[in-house]
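Reviewing the structure listed below.
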Amino acid sequence: MIRSIGIAALGVFAAAAGTSAAAQESWRYEVMPFLWASDIEGREGIRDTVADVDASFSDLIEFVDIGAALRFRAERDPMVWFAETSYVELGDTARTGIGDVSVELTQTFAEAGMSYRFAEQLAVYGALRYQKVEAELRAASGAFRTDADWLDAVAGLHWTPIRSDSWGVWARGDLGGGGSDLVWLAEVGAGYRFSPRWAAYLFYRILDTDYERSGFVYDIEQSGLALGFGFSF
């Protein structure tokens with residue numbers, strides 16, 4: 001049902017895109033690289049080897065081997081096309097009922113969708129959210145390696161109580177599924193544009209994913225502050 005809702009929402013947005021093509025306002029584009037200082041909490045495992053993962057950002061300074069994130073927006077009121085991608089390599093040791101387990105994790109995240117503003121401060125949006133996880137667990141009983149990727153359809157609301165040439169404040173949330181059992185995201189943030197080209201953004205985000213297929217468990221919540229700098233053209 002969630003998948004059907006997401007696909008239907010994307011169809012409505014595509015129709016709205018055609019309707020708004022006659023608008024006279026020009027398109028505005030923005031690219032924003034950002035750092036997400038997230039905590040990670042939940043369960044991850046392969047078959048009978050499931051580890052509880054609980055790492056704060058201070059732990060992740062050593063936990064993260066490499067990471068990068070980028071967001072893109074194309075806007076012409078009342079419509080916004082958006083895309084986001086991130087890649088991170090993680091490594092840590094977790095304690096389980098069978099002893100210490102070494103966890104190596106590579107995570108790829110990608111999202112693309114469209115929002116449509118139907119009121120002064122409210123917009124509805126839909127997106128396709130892709131995640132790929134490659135995991136390797138090493139325990140006294142042996143080493144286990146697997147990879148999984150899945151695609152979810154999500155739909156949500158975007159609220160912008162402050163929207164001016166210099167300042168913006170927003171909150172958004174969505175819910176979906178398809179490849180995963182359930183995925184949801186909540187985000188609140190603010191941005192300041194200090195020149196026509198440059199802006200700074202600070203936001204707090206929670207991403208929760210519940211995926212379990214073929215013996216692979218990925219029930220993880222990521223949450224924390226993110227800081228980004230946008231370049232408009």
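Chain labels follow the order of the structure tokens: the first chain is A, the next B, and so on; residue numbering restarts at 1 in every chain, and ligands are counted from 1 in their shown order.
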Non-local contacts of segment 203-205 of chain A (6 Å; only C-alpha atoms; under 3 positions in same chain excluded) as a tab-separated table (two decimals) with all heavy atoms, in the first residue's frame:
chain	number	residue	atom	x	y	z
A	186	ALA	N	12.83	12.41	9.14
A	186	ALA	CA	12.36	13.68	9.71
A	186	ALA	C	13.53	14.65	9.73
A	186	ALA	O	14.67	14.26	10.02
A	186	ALA	CB	11.81	13.48	11.12
A	187	GLU	N	13.25	15.92	9.40
A	187	GLU	CA	14.33	16.91	9.30
A	187	GLU	C	13.79	18.29	9.65
A	187	GLU	O	12.68	18.66	9.26
A	187	GLU	CB	14.87	16.90	7.86
A	187	GLU	CG	16.03	17.82	7.60
A	187	GLU	CD	16.49	17.73	6.15
A	187	GLU	OE1	17.06	16.68	5.78
A	187	GLU	OE2	16.24	18.67	5.37
A	188	VAL	N	14.58	19.06	10.40
A	188	VAL	CA	14.25	20.45	10.70
A	188	VAL	C	15.53	21.26	10.57
A	188	VAL	O	16.61	20.81	10.97
A	188	VAL	CB	13.64	20.59	12.11
A	188	VAL	CG1	14.58	20.07	13.18
A	188	VAL	CG2	13.24	22.02	12.39
A	189	GLY	N	15.44	22.45	9.95
A	189	GLY	CA	16.66	23.22	9.73
A	189	GLY	C	16.41	24.66	9.38
A	189	GLY	O	15.26	25.12	9.29
A	223	SER	N	20.94	9.68	13.21
A	223	SER	CA	20.41	10.99	13.60
A	223	SER	C	21.56	11.90	13.98
A	223	SER	O	22.58	11.46	14.52
A	223	SER	CB	19.45	10.85	14.78
A	223	SER	OG	20.10	10.31	15.91
A	224	GLY	N	21.39	13.21	13.70
A	224	GLY	CA	22.40	14.18	14.08
A	224	GLY	C	22.33	15.45	13.26
A	224	GLY	O	21.51	15.59	12.34
A	225	LEU	N	23.20	16.39	13.59
A	225	LEU	CA	23.27	17.68	12.90
A	225	LEU	C	24.02	17.57	11.59
A	225	LEU	O	24.96	16.78	11.46
A	225	LEU	CB	23.95	18.72	13.80
A	225	LEU	CG	23.13	19.32	14.94
A	225	LEU	CD1	24.03	20.15	15.84
A	225	LEU	CD2	21.97	20.16	14.41
A	226	ALA	N	23.61	18.39	10.63
A	226	ALA	CA	24.29	18.48	9.34
A	226	ALA	C	24.57	19.94	9.03
A	226	ALA	O	23.76	20.83	9.32
A	226	ALA	CB	23.44	17.86	8.24
Contacts of segment 179-185 of chain A within 7 Å, only C-alpha atoms, excl. fewer than 5 positions in-chain, as a PyMOL selection string = chain A and resi 150-152+173-174+206-211
Keeping only all heavy atoms, write the selected residues as a PDB file, in the first residue's frame.
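For reference, result_1.pdb as written:
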ATOM      1  N   TRP A 150      18.204  -1.835  -2.142  1.00  0.00           N
ATOM      2  CA  TRP A 150      16.762  -1.800  -2.240  1.00  0.00           C
ATOM      3  C   TRP A 150      16.302  -0.384  -2.582  1.00  0.00           C
ATOM      4  O   TRP A 150      17.013   0.598  -2.385  1.00  0.00           O
ATOM      5  CB  TRP A 150      16.111  -2.277  -0.950  1.00  0.00           C
ATOM      6  CG  TRP A 150      16.446  -1.490   0.271  1.00  0.00           C
ATOM      7  CD1 TRP A 150      15.768  -0.429   0.792  1.00  0.00           C
ATOM      8  CD2 TRP A 150      17.568  -1.692   1.141  1.00  0.00           C
ATOM      9  NE1 TRP A 150      16.373   0.042   1.934  1.00  0.00           N
ATOM     10  CE2 TRP A 150      17.486  -0.719   2.167  1.00  0.00           C
ATOM     11  CE3 TRP A 150      18.634  -2.598   1.156  1.00  0.00           C
ATOM     12  CZ2 TRP A 150      18.425  -0.628   3.191  1.00  0.00           C
ATOM     13  CZ3 TRP A 150      19.563  -2.509   2.178  1.00  0.00           C
ATOM     14  CH2 TRP A 150      19.457  -1.540   3.178  1.00  0.00           C
ATOM     15  N   LEU A 151      15.082  -0.309  -3.118  1.00  0.00           N
ATOM     16  CA  LEU A 151      14.482   0.955  -3.543  1.00  0.00           C
ATOM     17  C   LEU A 151      13.136   1.119  -2.869  1.00  0.00           C
ATOM     18  O   LEU A 151      12.299   0.213  -2.909  1.00  0.00           O
ATOM     19  CB  LEU A 151      14.317   0.971  -5.071  1.00  0.00           C
ATOM     20  CG  LEU A 151      13.792   2.258  -5.700  1.00  0.00           C
ATOM     21  CD1 LEU A 151      14.817   3.378  -5.557  1.00  0.00           C
ATOM     22  CD2 LEU A 151      13.469   2.035  -7.177  1.00  0.00           C
ATOM     23  N   ASP A 152      12.936   2.286  -2.246  1.00  0.00           N
ATOM     24  CA  ASP A 152      11.680   2.589  -1.573  1.00  0.00           C
ATOM     25  C   ASP A 152      11.018   3.801  -2.216  1.00  0.00           C
ATOM     26  O   ASP A 152      11.695   4.712  -2.702  1.00  0.00           O
ATOM     27  CB  ASP A 152      11.916   2.901  -0.091  1.00  0.00           C
ATOM     28  CG  ASP A 152      12.417   1.701   0.681  1.00  0.00           C
ATOM     29  OD1 ASP A 152      11.817   0.624   0.538  1.00  0.00           O
ATOM     30  OD2 ASP A 152      13.414   1.834   1.421  1.00  0.00           O
ATOM     31  N   GLY A 173       8.962  15.738   6.760  1.00  0.00           N
ATOM     32  CA  GLY A 173       8.918  14.361   7.209  1.00  0.00           C
ATOM     33  C   GLY A 173       8.271  13.501   6.147  1.00  0.00           C
ATOM     34  O   GLY A 173       7.390  13.952   5.412  1.00  0.00           O
ATOM     35  N   ASP A 174       8.733  12.256   6.029  1.00  0.00           N
ATOM     36  CA  ASP A 174       8.148  11.351   5.046  1.00  0.00           C
ATOM     37  C   ASP A 174       8.160   9.925   5.571  1.00  0.00           C
ATOM     38  O   ASP A 174       8.826   9.601   6.554  1.00  0.00           O
ATOM     39  CB  ASP A 174       8.871  11.455   3.697  1.00  0.00           C
ATOM     40  CG  ASP A 174      10.344  11.086   3.764  1.00  0.00           C
ATOM     41  OD1 ASP A 174      10.676   9.994   4.250  1.00  0.00           O
ATOM     42  OD2 ASP A 174      11.182  11.903   3.316  1.00  0.00           O
ATOM     43  N   ILE A 206      16.821  12.772  11.104  1.00  0.00           N
ATOM     44  CA  ILE A 206      16.721  11.386  11.550  1.00  0.00           C
ATOM     45  C   ILE A 206      16.301  10.540  10.349  1.00  0.00           C
ATOM     46  O   ILE A 206      15.309  10.844   9.678  1.00  0.00           O
ATOM     47  CB  ILE A 206      15.685  11.213  12.666  1.00  0.00           C
ATOM     48  CG1 ILE A 206      16.011  12.102  13.862  1.00  0.00           C
ATOM     49  CG2 ILE A 206      15.603   9.744  13.113  1.00  0.00           C
ATOM     50  CD1 ILE A 206      14.918  12.103  14.925  1.00  0.00           C
ATOM     51  N   LEU A 207      17.069   9.500  10.065  1.00  0.00           N
ATOM     52  CA  LEU A 207      16.735   8.540   9.009  1.00  0.00           C
ATOM     53  C   LEU A 207      16.675   7.161   9.648  1.00  0.00           C
ATOM     54  O   LEU A 207      17.669   6.678  10.203  1.00  0.00           O
ATOM     55  CB  LEU A 207      17.774   8.568   7.897  1.00  0.00           C
ATOM     56  CG  LEU A 207      17.614   7.492   6.810  1.00  0.00           C
ATOM     57  CD1 LEU A 207      16.314   7.676   6.037  1.00  0.00           C
ATOM     58  CD2 LEU A 207      18.813   7.509   5.852  1.00  0.00           C
ATOM     59  N   ASP A 208      15.516   6.523   9.573  1.00  0.00           N
ATOM     60  CA  ASP A 208      15.314   5.210  10.176  1.00  0.00           C
ATOM     61  C   ASP A 208      14.946   4.205   9.088  1.00  0.00           C
ATOM     62  O   ASP A 208      14.001   4.422   8.325  1.00  0.00           O
ATOM     63  CB  ASP A 208      14.206   5.272  11.237  1.00  0.00           C
ATOM     64  CG  ASP A 208      14.103   3.997  12.047  1.00  0.00           C
ATOM     65  OD1 ASP A 208      13.589   3.000  11.512  1.00  0.00           O
ATOM     66  OD2 ASP A 208      14.539   3.996  13.210  1.00  0.00           O
ATOM     67  N   THR A 209      15.700   3.112   9.015  1.00  0.00           N
ATOM     68  CA  THR A 209      15.483   2.088   7.993  1.00  0.00           C
ATOM     69  C   THR A 209      15.351   0.728   8.650  1.00  0.00           C
ATOM     70  O   THR A 209      16.182   0.344   9.475  1.00  0.00           O
ATOM     71  CB  THR A 209      16.652   2.046   6.989  1.00  0.00           C
ATOM     72  OG1 THR A 209      16.852   3.335   6.431  1.00  0.00           O
ATOM     73  CG2 THR A 209      16.366   1.053   5.876  1.00  0.00           C
ATOM     74  N   ASP A 210      14.315   0.007   8.289  1.00  0.00           N
ATOM     75  CA  ASP A 210      14.084  -1.350   8.784  1.00  0.00           C
ATOM     76  C   ASP A 210      14.045  -2.286   7.578  1.00  0.00           C
ATOM     77  O   ASP A 210      13.055  -2.327   6.849  1.00  0.00           O
ATOM     78  CB  ASP A 210      12.777  -1.411   9.574  1.00  0.00           C
ATOM     79  CG  ASP A 210      12.548  -2.781  10.215  1.00  0.00           C
ATOM     80  OD1 ASP A 210      13.411  -3.665  10.060  1.00  0.00           O
ATOM     81  OD2 ASP A 210      11.501  -2.965  10.852  1.00  0.00           O
ATOM     82  N   TYR A 211      15.152  -3.015   7.377  1.00  0.00           N
ATOM     83  CA  TYR A 211      15.277  -3.919   6.225  1.00  0.00           C
ATOM     84  C   TYR A 211      15.728  -5.284   6.722  1.00  0.00           C
ATOM     85  O   TYR A 211      16.672  -5.386   7.505  1.00  0.00           O
ATOM     86  CB  TYR A 211      16.298  -3.361   5.231  1.00  0.00           C
ATOM     87  CG  TYR A 211      16.590  -4.287   4.061  1.00  0.00           C
ATOM     88  CD1 TYR A 211      15.828  -4.225   2.898  1.00  0.00           C
ATOM     89  CD2 TYR A 211      17.631  -5.211   4.117  1.00  0.00           C
ATOM     90  CE1 TYR A 211      16.087  -5.058   1.825  1.00  0.00           C
ATOM     91  CE2 TYR A 211      17.900  -6.054   3.046  1.00  0.00           C
ATOM     92  CZ  TYR A 211      17.122  -5.976   1.902  1.00  0.00           C
ATOM     93  OH  TYR A 211      17.388  -6.807   0.846  1.00  0.00           O
TER      94      TYR A 211
END
Go through A:Ser102, A:Ser115, A:Gln107, A:Thr160 and flag the residue nearest Arg73 of chain A, using only C-alpha atoms for the distances.
-> A:Ser115
If you run DSSP on this backbone, which residues of segment 24-217 of chain A come out as strand (DSSP E or B), and could you give them as a VMD selection string?
-> chain A and resid 28 to 46 49 to 55 64 to 76 79 to 96 99 to 117 122 to 139 142 to 163 167 to 178 182 to 193 198 to 213 216 to 217
Which residue out of A:Gly228, A:Gly42, A:Pro78, A:Gly168 has the minimum interatomic distance to Tyr201 of chain A when only C-alpha atoms are used?
-> A:Gly228
Work out how far apart atom CA of Glu89 of chain A and atom CA of Ser232 of chain A are and give it in Å to one decimal.
-> 29.2 Å
Which of these residues is nearest to Ala74 of chain A, using only C-alpha atoms: A:Ser26, A:Ser166, A:Gln222, A:Thr146?
->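 Looking at the shortest contact to Ala74 of chain A, the residue is A:Ser26.
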Tell me which protein, DNA and RNA residues are within 6 Å of Gln131 of chain A, counting only C-alpha atoms, leaving out same-chain ones fewer than 3 positions away, and put them as a CSV table (one decimal) with N, CA and C atoms, in the first residue's frame.
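And here is the file that came out, selection.csv:
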chain,number,residue,atom,x,y,z
A,108,THR,N,25.7,3.3,0.6
A,108,THR,CA,25.5,4.2,-0.5
A,108,THR,C,24.0,4.6,-0.4
A,109,PHE,N,23.7,5.9,-0.4
A,109,PHE,CA,22.4,6.5,-0.3
A,109,PHE,C,22.1,7.4,-1.5
A,149,ASP,N,20.8,-4.2,-1.7
A,149,ASP,CA,20.4,-2.9,-2.2
A,149,ASP,C,18.9,-3.0,-2.4
A,150,TRP,N,18.2,-1.8,-2.1
A,150,TRP,CA,16.8,-1.8,-2.2
A,150,TRP,C,16.3,-0.4,-2.6
Against segment 29-32 of chain A, which residues of segment 124-205 of chain A fall within 9 Å? For each one I want the closest pair of atoms and the distance in Å (one decimal), counting only C-alpha atoms, rows by chain and increasing residue number, as a Markdown table.
| residue | atom | partner | partner_atom | distance |
| --- | --- | --- | --- | --- |
| A:Arg197 | CA | A:Glu30 | CA | 8.8 |
| A:Ala199 | CA | A:Met32 | CA | 9.0 |
| A:Ala200 | CA | A:Met32 | CA | 9.0 |
| A:Tyr201 | CA | A:Met32 | CA | 9.0 |
Can I get the selected residues back with N, CA, C and O atoms, as a PDB file, in the first residue's frame?
ATOM      1  N   ARG A 197      24.866  34.129  -4.570  1.00  0.00           N
ATOM      2  CA  ARG A 197      25.417  32.838  -4.957  1.00  0.00           C
ATOM      3  C   ARG A 197      25.558  31.854  -3.801  1.00  0.00           C
ATOM      4  O   ARG A 197      25.466  30.653  -4.000  1.00  0.00           O
ATOM      5  N   ALA A 199      25.059  30.327   0.287  1.00  0.00           N
ATOM      6  CA  ALA A 199      24.200  30.192   1.455  1.00  0.00           C
ATOM      7  C   ALA A 199      24.779  29.130   2.386  1.00  0.00           C
ATOM      8  O   ALA A 199      25.537  28.246   1.954  1.00  0.00           O
ATOM      9  N   ALA A 200      24.442  29.220   3.659  1.00  0.00           N
ATOM     10  CA  ALA A 200      24.854  28.236   4.661  1.00  0.00           C
ATOM     11  C   ALA A 200      23.609  27.609   5.272  1.00  0.00           C
ATOM     12  O   ALA A 200      22.599  28.294   5.484  1.00  0.00           O
ATOM     13  N   TYR A 201      23.674  26.309   5.571  1.00  0.00           N
ATOM     14  CA  TYR A 201      22.529  25.577   6.098  1.00  0.00           C
ATOM     15  C   TYR A 201      22.944  24.749   7.309  1.00  0.00           C
ATOM     16  O   TYR A 201      24.033  24.148   7.331  1.00  0.00           O
TER      17      TYR A 201
END
Grab the atom CA of Ala190 of chain A to atom CA of Ala171 of chain A distance for me, in Å with one decimal place.
->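 That distance, rounded to one decimal, is 8.9 Å.
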